[in-house]
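**Student:** I am sharing work00.txt, which consists of compact mmCIF, C-alpha atoms and all ligand atoms:
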```
# COMPACT_ATOMS: atom_id res chain seq x y z
CA GLN A 609 112.92 41.40 325.08
CA ARG A 610 109.57 43.11 325.57
CA VAL A 611 110.59 45.63 328.25
CA THR A 612 112.19 48.44 326.29
CA ASP A 613 115.56 50.00 327.02
CA VAL A 614 113.89 53.32 327.84
CA ASP A 615 111.51 51.68 330.35
CA ARG A 616 114.37 49.69 331.84
CA ALA A 617 116.51 52.79 332.30
CA LEU A 618 113.65 54.67 334.00
CA ARG A 619 113.01 51.73 336.32
CA ALA A 620 116.70 51.63 337.27
CA ARG A 621 116.65 55.35 338.14
CA ALA A 622 113.37 54.92 340.04
CA ALA A 623 114.75 52.01 342.06
CA ALA A 624 117.24 54.42 343.65
CA VAL A 625 114.78 57.13 344.67
CA ILE A 626 111.33 55.44 344.94
CA PRO A 627 110.71 52.61 347.41
CA GLY A 628 110.47 49.40 345.44
CA GLY A 629 110.65 51.43 342.23
CA MET A 630 106.89 51.96 342.26
CA TRP A 631 104.03 51.64 344.72
CA GLY A 632 100.51 50.28 344.52
CA HIS A 633 98.48 48.63 341.81
CA GLN A 634 100.15 50.57 339.03
CA ASN A 635 103.44 48.86 339.79
CA ALA A 636 104.29 46.94 336.60
CA ALA A 637 105.97 44.31 338.80
CA ARG A 638 102.44 43.17 339.66
CA LEU A 639 101.89 42.32 336.00
CA PRO A 640 103.61 39.60 334.00
CA GLU A 641 107.05 40.72 332.86
CA GLY A 642 106.83 42.61 329.62
CA TYR A 643 104.34 45.32 330.52
CA PRO A 644 105.64 48.87 330.30
CA GLN A 645 105.87 50.79 333.57
CA TYR A 646 106.09 54.20 331.96
CA PHE A 647 103.87 55.98 329.46
CA SER A 648 104.62 59.05 327.41
CA ARG A 649 101.31 60.02 325.84
CA ALA A 650 97.63 59.16 325.47
CA GLU A 651 94.95 60.19 322.99
CA GLY A 652 91.46 58.82 322.34
CA CYS A 653 91.53 55.13 323.24
CA ARG A 654 95.29 54.85 322.68
CA THR A 655 98.34 55.07 324.89
CA TRP A 656 102.03 55.21 324.01
CA ASP A 657 104.73 53.78 326.24
CA SER A 658 107.97 55.58 327.05
CA LYS A 659 109.54 54.26 323.86
CA GLY A 660 106.62 55.47 321.79
CA ARG A 661 105.02 52.08 321.18
CA GLU A 662 101.28 52.45 320.61
CA TYR A 663 98.53 50.44 322.31
CA ILE A 664 94.77 50.25 322.00
CA ASP A 665 93.99 50.68 325.68
CA PHE A 666 91.43 48.55 327.54
CA ILE A 667 92.49 49.75 330.99
CA CYS A 668 91.74 53.42 330.34
CA GLY A 669 93.99 54.65 333.13
CA TRP A 670 92.37 52.04 335.42
CA GLY A 671 88.97 53.60 334.80
CA PRO A 672 89.26 57.39 334.80
CA MET A 673 89.32 57.75 331.04
CA ILE A 674 85.72 57.30 329.85
CA LEU A 675 85.26 59.71 326.91
CA GLY A 676 88.73 59.29 325.45
CA TYR A 677 92.10 60.58 326.61
CA ASN A 678 92.51 64.28 325.96
CA ASP A 679 88.84 64.71 325.08
CA THR A 680 88.39 68.02 323.25
CA ASP A 681 85.32 69.22 325.14
CA VAL A 682 86.59 68.22 328.58
CA GLU A 683 90.00 69.74 327.96
CA ALA A 684 88.51 72.98 326.60
CA ALA A 685 86.48 73.35 329.81
CA ALA A 686 89.51 72.46 331.94
CA THR A 687 91.77 74.91 330.10
CA ALA A 688 89.23 77.74 330.32
CA GLN A 689 89.01 77.18 334.07
CA ARG A 690 92.80 76.84 334.44
CA ASN A 691 93.20 80.26 332.87
CA ARG A 692 90.88 81.68 335.54
CA GLY A 693 92.17 79.77 338.56
CA ASP A 694 92.44 76.30 340.02
CA ALA A 695 93.49 75.88 343.68
CA MET A 696 92.48 79.16 345.29
CA ASN A 697 91.51 80.19 348.83
CA GLY A 698 88.16 78.57 348.24
CA PRO A 699 86.13 77.09 345.42
CA SER A 700 84.87 78.85 342.32
CA GLU A 701 81.26 78.78 341.15
CA ARG A 702 82.11 75.51 339.34
CA LEU A 703 81.61 73.79 342.70
CA VAL A 704 77.97 74.85 342.94
CA GLU A 705 77.32 74.12 339.27
CA LEU A 706 78.84 70.66 339.62
CA ALA A 707 76.92 69.84 342.81
CA GLU A 708 73.69 70.94 341.09
CA LEU A 709 74.48 68.80 338.05
CA VAL A 710 75.29 65.74 340.17
CA VAL A 711 72.11 66.14 342.24
CA GLN A 712 70.12 66.45 339.02
CA THR A 713 71.79 63.37 337.46
CA VAL A 714 71.84 60.96 340.42
CA PRO A 715 68.36 60.14 341.82
CA HIS A 716 69.41 59.27 345.38
CA ALA A 717 71.49 62.44 345.71
CA ASP A 718 70.08 65.42 347.59
CA TRP A 719 73.59 66.79 348.01
CA ALA A 720 77.18 66.21 346.91
CA MET A 721 80.66 66.85 348.32
CA PHE A 722 83.97 66.59 346.48
CA SER A 723 87.47 65.37 347.17
CA LYS A 724 90.26 63.81 345.12
CA ASN A 725 90.51 60.02 345.38
CA GLY A 726 88.12 57.13 345.72
CA THR A 727 89.53 56.39 349.16
CA ASP A 728 88.63 59.91 350.29
CA ALA A 729 85.06 59.27 349.23
CA THR A 730 84.61 55.76 350.67
CA THR A 731 86.17 56.92 353.95
CA ALA A 732 83.91 59.98 354.10
CA CYS A 733 80.86 57.75 353.49
CA VAL A 734 81.81 55.58 356.47
CA THR A 735 82.48 58.62 358.67
CA ILE A 736 79.19 60.28 357.70
CA ALA A 737 77.29 57.04 358.37
CA ARG A 738 78.87 56.76 361.83
CA ALA A 739 78.27 60.44 362.57
CA GLY A 740 74.65 60.16 361.47
CA THR A 741 73.80 56.97 363.35
CA GLY A 742 76.06 57.34 366.37
CA ARG A 743 77.06 53.72 365.81
CA ARG A 744 80.30 51.95 364.94
CA LYS A 745 79.90 48.71 362.95
CA VAL A 746 80.40 48.72 359.19
CA LEU A 747 79.63 45.66 357.06
CA LEU A 748 81.84 44.97 354.05
CA ALA A 749 81.91 42.20 351.46
CA ARG A 750 84.93 39.91 351.67
CA GLY A 751 87.48 40.58 348.92
CA ALA A 752 85.95 43.90 347.90
CA TYR A 753 88.24 46.88 347.50
CA HIS A 754 87.38 50.19 349.14
CA GLY A 755 90.74 51.94 349.11
CA ALA A 756 94.28 52.18 350.36
CA ILE A 757 94.28 53.39 353.96
CA PRO A 758 94.35 51.30 357.14
CA TRP A 759 90.61 50.61 357.51
CA CYS A 760 90.36 49.09 354.02
CA THR A 761 93.77 48.41 352.42
CA PRO A 762 94.30 44.82 351.24
CA SER A 763 97.80 44.85 352.79
CA VAL A 764 98.23 44.35 356.53
CA ALA A 765 101.61 46.10 356.73
CA GLY A 766 101.38 49.02 359.10
CA VAL A 767 97.76 48.29 359.93
CA THR A 768 96.61 47.67 363.51
CA GLU A 769 93.75 45.47 364.63
CA GLU A 770 92.14 48.57 366.08
CA ASP A 771 92.01 50.17 362.64
CA ARG A 772 89.55 47.45 361.64
CA ALA A 773 87.95 46.76 365.00
CA HIS A 774 84.42 47.61 363.87
CA LEU A 775 84.31 45.93 360.49
CA ILE A 776 82.25 42.79 359.89
CA TYR A 777 82.50 40.83 356.66
CA PHE A 778 79.87 39.07 354.55
CA ASP A 779 79.80 37.47 351.10
CA TYR A 780 78.60 39.58 348.18
CA ASN A 781 75.31 38.41 346.68
CA ASP A 782 74.66 36.11 349.66
CA PRO A 783 71.64 37.46 351.59
CA ALA A 784 72.00 34.85 354.36
CA SER A 785 75.60 35.85 355.02
CA LEU A 786 74.54 39.51 355.06
CA ASP A 787 71.83 38.63 357.63
CA THR A 788 74.43 36.94 359.84
CA ALA A 789 76.70 39.97 359.67
CA VAL A 790 73.79 42.28 360.52
CA GLU A 791 73.03 40.13 363.58
CA GLN A 792 76.66 40.26 364.68
CA ALA A 793 76.49 44.05 364.60
CA LYS A 794 73.56 43.89 367.05
CA GLY A 795 72.43 47.41 367.95
CA ASP A 796 75.65 48.99 366.68
CA LEU A 797 75.16 48.93 362.91
CA ALA A 798 76.24 52.17 361.20
CA ALA A 799 76.47 51.04 357.58
CA ILE A 800 76.42 48.32 354.98
CA MET A 801 78.90 49.11 352.22
CA VAL A 802 78.79 47.35 348.86
CA SER A 803 80.65 47.81 345.62
CA ALA A 804 78.57 48.39 342.48
CA PHE A 805 79.06 44.75 341.52
CA LYS A 806 81.38 41.98 342.60
CA HIS A 807 84.62 42.88 340.87
CA ASP A 808 87.28 41.20 343.02
CA LEU A 809 90.75 40.88 341.46
CA GLY A 810 91.28 37.70 339.47
CA LYS A 811 87.71 36.49 339.97
CA GLU A 812 84.67 36.38 337.75
CA HIS A 813 82.74 39.63 337.93
CA ILE A 814 79.13 39.27 339.04
CA LEU A 815 76.33 41.81 339.06
CA PRO A 816 74.28 42.17 342.24
CA THR A 817 71.12 40.10 342.32
CA ALA A 818 67.92 42.03 342.97
CA GLU A 819 67.34 39.81 346.02
CA PHE A 820 70.71 40.73 347.52
CA ALA A 821 70.34 44.43 346.77
CA GLU A 822 66.82 44.56 348.22
CA ARG A 823 67.94 42.65 351.31
CA ALA A 824 70.78 45.11 351.87
CA ARG A 825 68.35 48.03 351.57
CA ALA A 826 65.84 46.36 353.91
CA ARG A 827 68.40 45.43 356.56
CA ALA A 828 69.88 48.92 356.55
CA ASP A 829 66.39 50.41 356.92
CA GLU A 830 65.36 48.06 359.74
CA ALA A 831 68.53 48.90 361.64
CA GLY A 832 68.39 52.63 360.87
CA ALA A 833 71.82 52.25 359.24
CA ALA A 834 73.18 53.66 355.99
CA LEU A 835 73.39 51.71 352.76
CA ILE A 836 76.55 52.84 350.97
CA VAL A 837 77.36 51.99 347.35
CA ASP A 838 81.03 52.24 346.45
CA ASP A 839 80.66 53.37 342.85
CA VAL A 840 84.29 54.46 342.57
CA ARG A 841 85.13 51.92 339.88
CA ALA A 842 81.81 51.65 338.06
CA GLY A 843 80.33 55.14 338.46
CA PHE A 844 78.90 56.56 335.19
CA ARG A 845 79.85 53.42 333.23
CA LEU A 846 76.75 51.36 334.04
CA ASP A 847 74.08 53.97 334.72
CA MET A 848 74.28 57.75 334.96
CA GLY A 849 72.11 57.62 338.07
CA GLY A 850 74.44 55.28 339.95
CA SER A 851 75.10 51.60 339.40
CA TRP A 852 72.40 50.22 341.72
CA GLU A 853 69.74 51.91 339.58
CA LEU A 854 70.17 48.72 337.52
CA VAL A 855 68.65 46.71 340.38
CA GLY A 856 66.23 49.43 341.43
CA VAL A 857 67.83 50.03 344.84
CA ARG A 858 68.96 53.47 345.98
CA PRO A 859 71.69 53.93 348.56
CA ASP A 860 71.79 56.60 351.26
CA LEU A 861 75.37 57.44 350.43
CA ALA A 862 77.62 56.71 347.47
CA ALA A 863 81.31 57.14 346.74
CA TRP A 864 82.49 58.16 343.27
CA SER A 865 85.80 58.91 341.59
CA LYS A 866 87.69 57.43 338.61
CA ALA A 867 85.62 58.41 335.55
CA ILE A 868 83.66 61.41 336.83
CA ALA A 869 86.08 64.01 335.41
CA ASN A 870 87.51 61.95 332.53
CA GLY A 871 90.94 61.63 334.11
CA HIS A 872 91.11 64.81 336.16
CA ALA A 873 91.57 64.20 339.87
CA LEU A 874 88.16 64.28 341.51
CA ALA A 875 86.03 62.19 343.83
CA ALA A 876 82.53 62.74 345.11
CA VAL A 877 80.25 61.66 347.91
CA THR A 878 76.55 61.81 347.18
CA GLY A 879 73.91 61.43 349.85
CA ASN A 880 70.27 61.82 350.71
CA ASP A 881 68.66 64.23 353.14
CA ARG A 882 68.78 61.70 355.98
CA PHE A 883 72.54 62.12 356.09
CA ARG A 884 72.78 65.81 355.23
CA GLU A 885 73.22 66.92 358.81
CA ALA A 886 75.82 64.24 359.53
CA ALA A 887 77.73 65.32 356.43
CA THR A 888 77.67 68.84 357.80
CA LYS A 889 79.12 67.75 361.15
CA ILE A 890 82.16 65.78 360.06
CA PHE A 891 85.39 67.66 359.40
CA THR A 892 86.65 66.70 355.98
CA THR A 893 89.00 68.66 353.75
CA GLY A 894 92.12 68.56 351.62
CA SER A 895 94.55 71.03 350.11
CA PHE A 896 93.22 70.47 346.61
CA TRP A 897 89.60 69.53 347.28
CA THR A 898 88.17 72.86 346.17
CA ALA A 899 90.37 73.16 343.07
CA SER A 900 88.26 74.17 340.10
CA VAL A 901 89.88 72.66 337.01
CA SER A 902 88.79 69.12 337.80
CA MET A 903 85.30 70.40 338.62
CA ALA A 904 85.05 72.15 335.26
CA ALA A 905 86.25 68.90 333.68
CA ALA A 906 83.60 66.93 335.58
CA ILE A 907 80.80 69.25 334.44
CA ALA A 908 81.90 68.83 330.82
CA THR A 909 82.32 65.07 331.29
CA ILE A 910 78.87 64.48 332.79
CA ASN A 911 77.15 66.65 330.19
CA LYS A 912 78.93 64.87 327.34
CA LEU A 913 78.29 61.41 328.75
CA VAL A 914 74.57 62.18 328.79
CA ARG A 915 74.47 64.10 325.48
CA THR A 916 76.28 61.41 323.50
CA ASP A 917 74.80 58.33 325.22
CA ALA A 918 78.34 57.26 326.04
CA ILE A 919 77.10 54.29 328.06
CA GLY A 920 75.25 53.03 324.97
CA THR A 921 78.47 53.26 322.94
CA MET A 922 80.54 51.50 325.60
CA LYS A 923 77.98 48.73 325.85
CA ALA A 924 77.89 48.22 322.08
CA MET A 925 81.69 48.16 321.82
CA GLY A 926 82.02 45.93 324.87
CA GLN A 927 79.51 43.49 323.41
CA ARG A 928 81.38 43.47 320.09
CA LEU A 929 84.59 42.63 321.93
CA ARG A 930 82.96 39.93 324.05
CA ASP A 931 81.19 38.26 321.13
CA GLY A 932 84.33 38.41 319.02
CA LEU A 933 86.50 36.85 321.73
CA ASP A 934 83.96 34.12 322.42
CA ALA A 935 83.81 33.16 318.75
CA GLN A 936 87.59 33.15 318.44
CA ALA A 937 88.11 31.12 321.61
CA GLU A 938 85.72 28.51 320.32
CA ARG A 939 87.58 28.29 317.02
CA HIS A 940 90.85 27.83 318.90
CA GLY A 941 89.34 25.24 321.22
CA LEU A 942 89.90 27.44 324.28
CA LYS A 943 87.52 28.02 327.16
CA LEU A 944 87.22 31.68 328.11
CA ARG A 945 85.36 32.94 331.14
CA GLN A 946 84.27 36.42 330.20
CA SER A 947 82.25 38.17 332.87
CA GLY A 948 81.14 41.50 334.24
CA PRO A 949 79.18 44.15 332.42
CA VAL A 950 80.45 44.19 328.81
CA GLN A 951 81.76 47.74 329.28
CA MET A 952 83.73 46.61 332.38
CA PRO A 953 84.86 43.12 331.49
CA VAL A 954 87.28 40.68 333.00
CA VAL A 955 88.61 37.98 330.70
CA LEU A 956 89.79 34.77 332.37
CA PHE A 957 90.58 31.29 331.10
CA GLU A 958 89.16 28.04 332.47
CA ASP A 959 91.64 25.92 334.46
CA ASP A 960 94.19 28.68 334.69
CA ALA A 961 94.97 28.94 338.41
CA ASP A 962 98.58 30.02 337.74
CA ARG A 963 97.40 32.41 334.99
CA ARG A 964 99.73 30.89 332.44
CA LEU A 965 97.07 31.10 329.75
CA GLY A 966 95.86 34.57 330.71
CA ASN A 967 99.37 35.98 330.94
CA THR A 968 100.38 34.46 327.60
CA PHE A 969 97.27 35.92 326.01
CA CYS A 970 97.92 39.40 327.42
CA LEU A 971 101.64 39.44 326.61
CA ASN A 972 100.88 38.42 323.04
CA LEU A 973 98.28 41.18 322.83
CA LEU A 974 100.80 43.65 324.16
CA GLU A 975 103.29 42.73 321.43
CA ARG A 976 100.53 43.38 318.92
CA GLY A 977 99.66 46.80 320.34
CA VAL A 978 96.72 45.96 322.59
CA TYR A 979 96.83 46.69 326.32
CA MET A 980 94.62 44.36 328.38
CA HIS A 981 94.90 43.00 331.93
CA PRO A 982 94.97 39.29 332.80
CA ALA A 983 93.03 39.59 336.09
CA HIS A 984 91.67 43.07 336.80
CA THR A 985 88.47 44.74 335.67
CA MET A 986 89.03 46.32 332.27
CA PHE A 987 87.31 49.43 330.97
CA LEU A 988 85.77 50.33 327.63
CA SER A 989 85.42 53.99 326.73
CA ALA A 990 83.21 55.99 324.41
CA ALA A 991 86.32 56.60 322.29
CA HIS A 992 86.63 52.94 321.30
CA THR A 993 85.25 52.59 317.77
CA LYS A 994 84.26 49.49 315.84
CA ALA A 995 87.55 49.78 313.96
CA ASP A 996 89.46 49.79 317.27
CA ILE A 997 87.57 46.77 318.55
CA ASP A 998 88.13 44.93 315.28
CA ALA A 999 91.85 45.75 315.32
CA ALA A 1000 92.03 44.48 318.90
CA LEU A 1001 90.17 41.34 317.86
CA GLN A 1002 92.65 40.73 315.05
CA ALA A 1003 95.43 40.83 317.64
CA ALA A 1004 93.36 38.67 319.96
CA ASP A 1005 92.93 36.00 317.31
CA GLU A 1006 96.70 35.67 316.90
CA SER A 1007 97.18 35.80 320.67
CA LEU A 1008 94.63 33.07 321.28
CA ALA A 1009 96.40 30.98 318.66
CA ALA A 1010 99.58 31.39 320.73
CA VAL A 1011 97.69 30.27 323.86
CA ALA A 1012 96.31 27.26 322.00
CA ARG A 1013 99.87 26.23 321.10
CA LEU A 1014 100.96 26.10 324.79
N1 LIG B 1101 86.76 51.50 345.65
C1 LIG B 1101 86.84 50.83 344.48
C2 LIG B 1101 85.74 49.89 344.09
C3 LIG B 1101 87.94 51.02 343.66
O1 LIG B 1101 88.03 50.35 342.50
C4 LIG B 1101 88.96 51.92 344.05
C5 LIG B 1101 90.17 52.20 343.19
N2 LIG B 1101 90.64 51.14 342.44
C6 LIG B 1101 88.82 52.58 345.29
C7 LIG B 1101 87.70 52.36 346.05
C8 LIG B 1101 89.87 53.53 345.79
O2 LIG B 1101 90.00 54.61 344.97
P1 LIG B 1101 91.36 55.45 344.90
O3 LIG B 1101 92.42 54.53 344.44
O4 LIG B 1101 91.07 56.55 343.93
O5 LIG B 1101 91.60 55.98 346.28
```
Take the structure I supplied and represent it as structure tokens, if you would.
Ligand code: PMP

**Tutor:**
Amino acid sequence: QRVTDVDRALRARAAAVIPGGMWGHQNAARLPEGYPQYFSRAEGCRTWDSKGREYIDFICGWGPMILGYNDTDVEAAATAQRNRGDAMNGPSERLVELAELVVQTVPHADWAMFSKNGTDATTACVTIARAGTGRRKVLLARGAYHGAIPWCTPSVAGVTEEDRAHLIYFDYNDPASLDTAVEQAKGDLAAIMVSAFKHDLGKEHILPTAEFAERARARADEAGAALIVDDVRAGFRLDMGGSWELVGVRPDLAAWSKAIANGHALAAVTGNDRFREAATKIFTTGSFWTASVSMAAAIATINKLVRTDAIGTMKAMGQRLRDGLDAQAERHGLKLRQSGPVQMPVVLFEDDADRRLGNTFCLNLLERGVYMHPAHTMFLSAAHTKADIDAALQAADESLAAVARL
């Protein structure tokens, strides 16, 4: 049985004291049976489950790990700051240094603010856009994820209609549907919010077209509304300046989290001068939002990402993985649908509505020490080496053989 005795025992204890045993997307019950729920350690591009079984990790903590778990430079900066102080009565000078670094790195940013989770940042973007425009309507792409509170959570439990009263939906990469949504907002348009690319769960991942991105920019400008890019998932993996630099379109506001401090809890909102005053007016805060350790970690992370061309490494390793899988699938007579940027891939199978093929593939990988996801965006890191990719491909070859035998 793939679920270990240690994992099973922890789940049994959790079931008594944690609702449902676990909440949210990290609940192993949302994965095919066999995935570990608990982890004991992580280093480089590897994780160990609670029984000490080792995996080459292609989820990278669901995105936060970008330079490698326990990165020496990031952890040295974090430890140095921890020895001085973390959550104090106010921020340390790391806050100013980090804001300066972010403004210098991200072309649309004239300012930056920090919080802890992606949801904090996407919510602040919406609030700032409404404060700045004095309007209410916010346009969102259907199926996109912007966080886990009532205005945006994918679950409807505990959510009222009023929580979402001023949201209007359109289809990502469909300029006509965006136009329709803009018209519906009439004179009340506060913001158009888009994710970096279309990365809906279980679906092919699709980059924004230049036409769509330019239309979103133009419609926001015509209406005097904000264009918001939710870069929580993709931030610093596609382009250090923000993901829509790839299509040459700059947002007014952007939300960041996940990878910006290599696993330390931090989120950011960046914005341009048009929304500086609005950002000043809103009241936003949190008990840990000025804590300095994660800021020191973010400074070290950003500097190292730039210094080492981490994005170049992730792209090269992601391409090696994609090419390898494509070649193997062809040899096994299987049809893979690999999509998304190579450093943020999703690997699906043709004709696999019930995910039998994808789940079999992933469970076989798991048994061979490779942690992938059958439906969610995966993440490469700068710690993945050619040897790691080749080891993962060896496991993939055997796993695809198992799928071919189904
Ligand atoms: N937006 C996107 C695109 C995300 O991927 C996520 C997290 N998966 C969020 C927002 C919410 O971030 P968090 O879970 O840190 O609140």

**Student:** In Å, how far is it from CA of Val625 in chain A to CA of Cys760 in chain A?

**Tutor:**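 So the two atoms, CA of Val625 in chain A and CA of Cys760 in chain A, lie 27.4 Å apart.
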
**Student:** With all atoms listed in the file as the counted atoms, please give the residues lying no more than 6 Å from range 663-665 of chain A, apart from itself and same-chain residues fewer than 6 positions off, as a PyMOL selection string.

**Tutor:** chain A and resi 653-655+977-979

**Student:** Please measure the separation of CA of Gly795 in chain A and CA of His774 in chain A, giving the value in Å to one decimal.

**Tutor:** 12.7 Å

**Student:** Would you list the residues that come within 8 Å of ligand LIG 1101 (chain B)? Count only C-alpha atoms and all ligand atoms and give the answer as a list in words.

**Tutor:**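 With only C-alpha atoms and all ligand atoms and a cut-off of 8 Å, ligand LIG 1101 (chain B) is contacted by Trp670, Lys724, Asn725, Gly726, Thr727, Asp728, Ala729, Thr730, Ala752, Tyr753, His754, Gly755, Ala756, Ser803, Ala804, His807, Asp838, Asp839, Val840, Arg841, Ala842, Ala863, Ser865, Lys866 and Ala875 of chain A.
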
**Student:** How would the residues just picked look written out with C-alpha atoms as a tab-separated table (two decimals), in the frame of the given file?

**Tutor:**
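Once everything was written out, this is result_29.tsv:
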```tsv
chain	number	residue	atom	x	y	z
A	670	TRP	CA	92.37	52.04	335.42
A	724	LYS	CA	90.26	63.81	345.12
A	725	ASN	CA	90.51	60.02	345.38
A	726	GLY	CA	88.12	57.13	345.72
A	727	THR	CA	89.53	56.39	349.16
A	728	ASP	CA	88.63	59.91	350.29
A	729	ALA	CA	85.06	59.27	349.23
A	730	THR	CA	84.61	55.76	350.67
A	752	ALA	CA	85.95	43.90	347.90
A	753	TYR	CA	88.24	46.88	347.50
A	754	HIS	CA	87.38	50.19	349.14
A	755	GLY	CA	90.74	51.94	349.11
A	756	ALA	CA	94.28	52.18	350.36
A	803	SER	CA	80.65	47.81	345.62
A	804	ALA	CA	78.57	48.39	342.48
A	807	HIS	CA	84.62	42.88	340.87
A	838	ASP	CA	81.03	52.24	346.45
A	839	ASP	CA	80.66	53.37	342.85
A	840	VAL	CA	84.29	54.46	342.57
A	841	ARG	CA	85.13	51.92	339.88
A	842	ALA	CA	81.81	51.65	338.06
A	863	ALA	CA	81.31	57.14	346.74
A	865	SER	CA	85.80	58.91	341.59
A	866	LYS	CA	87.69	57.43	338.61
A	875	ALA	CA	86.03	62.19	343.83
```

**Student:** Which residues, written as a VMD selection string, have at least one atom at most 12 Å from Ala622 in chain A, with only C-alpha atoms counted and residues fewer than 6 positions away on the same chain left out?

**Tutor:** chain A and resid 615 to 616 628 to 631 635 645 to 646

**Student:** Taking the point (89.4, 47.6, 364.2) as given in the file, collect each protein or nucleic acid residue that comes within 12 Å of it, counting all atoms listed in the file, and present the set as an MDAnalysis selection string.

**Tutor:** chainID A and resid 744:746 758:760 767:776

**Student:** State, in Å with one decimal place, the distance from CA of Thr817 in chain A to CA of Met986 in chain A.

**Tutor:** 21.5 Å

**Student:** Near His992 in chain A, within 8 Å and counting all atoms listed in the file, which residues show up once chain neighbours fewer than 5 positions away are dropped, as a CSV table (one decimal) with C-alpha atoms, keeping the file's coordinate frame?

**Tutor:**
```csv
chain,number,residue,atom,x,y,z
A,652,GLY,CA,91.5,58.8,322.3
A,653,CYS,CA,91.5,55.1,323.2
A,676,GLY,CA,88.7,59.3,325.4
A,922,MET,CA,80.5,51.5,325.6
A,925,MET,CA,81.7,48.2,321.8
A,997,ILE,CA,87.6,46.8,318.6
```

**Student:** Select, from A:Asp718, A:Asp779, A:Glu812, A:Glu1006, the residue with the minimum atom-to-atom distance to His984 in chain A, counting all atoms listed in the file.

**Tutor:** A:Glu812

**Student:** So, counting all atoms listed in the file, which residue among A:Ala717, A:Ile674, A:Ala799, A:Ala688 is closest to Thr731 in chain A?

**Tutor:**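 Closest to Thr731 in chain A of all the choices is A:Ala799.
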
**Student:** Which one is closest to Arg661 in chain A: A:Arg1013, A:Arg976, A:Lys811, A:Arg743? Count only C-alpha atoms.

**Tutor:**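 Checking each candidate against Arg661 in chain A, we get A:Arg976 as the closest.
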
**Student:** Considering only C-alpha atoms, return as an MDAnalysis selection string whatever protein or nucleic-acid residues lie within 10 Å of Val901 in chain A, sequence-local ones (same chain, fewer than 4 positions apart) excluded.

**Tutor:** chainID A and resid 683 685:695 700 702 869 872:874 905:906

**Student:** Here's a test: counting only C-alpha atoms, identify every protein, DNA and RNA residue with an atom at most 9 Å from (73.2, 63.0, 356.4) in the file's coordinate frame, and state them as a list in words.

**Tutor:** Ile736, Ala737, Ala739, Gly740, Asp860, Leu861, Gly879, Asn880, Asp881, Arg882, Phe883, Arg884, Glu885, Ala886, Ala887, Thr888 and Lys889 of chain A

**Student:** Extending 5 Å beyond the listed atoms of range 623-639 of chain A on each side, what axis-aligned box results? I want centre and edge lengths in Å to one decimal, as JSON.

**Tutor:**
```
{"center_x": 107.9, "center_y": 49.7, "center_z": 341.7, "size_x": 28.8, "size_y": 24.8, "size_z": 21.4}
```

**Student:** Measuring atom to atom with only C-alpha atoms, identify which of A:Trp864, A:Trp656, A:Phe896, A:Phe969 is nearest to Cys733 in chain A.

**Tutor:**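 For Cys733 in chain A, the nearest of the candidates is A:Trp864.
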
**Student:** Name all residues at most 9 Å from range 938-944 of chain A (count all atoms listed in the file; drop same-chain ones fewer than 2 positions away) and give them as a list in words.

**Tutor:**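 Near range 938-944 of chain A, the qualifying residues are Leu933, Asp934, Ala935, Gln936, Gln946, Val955, Leu956, Phe957, Glu958, Asp959, Asp1005, Leu1008, Ala1009, Val1011 and Ala1012 of chain A.
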
**Student:** Using all atoms listed in the file, can you tell me which of A:Arg825, A:Arg750, A:Arg845, A:Arg963 comes closest to Gly920 in chain A?

**Tutor:**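 When distances to Gly920 in chain A are compared using all atoms listed in the file, the smallest one comes from A:Arg845.
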
**Student:** Check the smallest atom-to-atom distance from each of A:Trp719, A:Trp852, A:Phe891, A:Phe987 to Lys923 in chain A using all atoms listed in the file, then report the winner.

**Tutor:**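 Residue with the minimum atom-to-atom distance to Lys923 in chain A: A:Phe987.
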
**Student:** May I ask you to restore N, CA and C atoms in range 645-652 of chain A and write the result as a PDB file, in the frame of the given file?

**Tutor:**
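Done, and the output landed in part_31.pdb:
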```pdb
ATOM      1  N   GLN A 645     106.197  50.057 332.347  1.00  0.00           N
ATOM      2  CA  GLN A 645     105.870  50.790 333.570  1.00  0.00           C
ATOM      3  C   GLN A 645     105.516  52.236 333.237  1.00  0.00           C
ATOM      4  N   TYR A 646     106.200  52.765 332.245  1.00  0.00           N
ATOM      5  CA  TYR A 646     106.090  54.200 331.960  1.00  0.00           C
ATOM      6  C   TYR A 646     105.371  54.475 330.648  1.00  0.00           C
ATOM      7  N   PHE A 647     104.622  55.561 330.641  1.00  0.00           N
ATOM      8  CA  PHE A 647     103.870  55.980 329.460  1.00  0.00           C
ATOM      9  C   PHE A 647     104.250  57.412 329.105  1.00  0.00           C
ATOM     10  N   SER A 648     104.203  57.719 327.819  1.00  0.00           N
ATOM     11  CA  SER A 648     104.620  59.050 327.410  1.00  0.00           C
ATOM     12  C   SER A 648     103.453  59.897 326.920  1.00  0.00           C
ATOM     13  N   ARG A 649     102.347  59.239 326.519  1.00  0.00           N
ATOM     14  CA  ARG A 649     101.310  60.020 325.840  1.00  0.00           C
ATOM     15  C   ARG A 649     100.038  59.189 325.783  1.00  0.00           C
ATOM     16  N   ALA A 650      98.894  59.861 325.638  1.00  0.00           N
ATOM     17  CA  ALA A 650      97.630  59.160 325.470  1.00  0.00           C
ATOM     18  C   ALA A 650      96.672  60.050 324.686  1.00  0.00           C
ATOM     19  N   GLU A 651      95.882  59.434 323.838  1.00  0.00           N
ATOM     20  CA  GLU A 651      94.950  60.190 322.990  1.00  0.00           C
ATOM     21  C   GLU A 651      93.823  59.244 322.587  1.00  0.00           C
ATOM     22  N   GLY A 652      92.580  59.690 322.726  1.00  0.00           N
ATOM     23  CA  GLY A 652      91.460  58.820 322.340  1.00  0.00           C
ATOM     24  C   GLY A 652      91.487  57.547 323.168  1.00  0.00           C
TER      25      GLY A 652
END
```
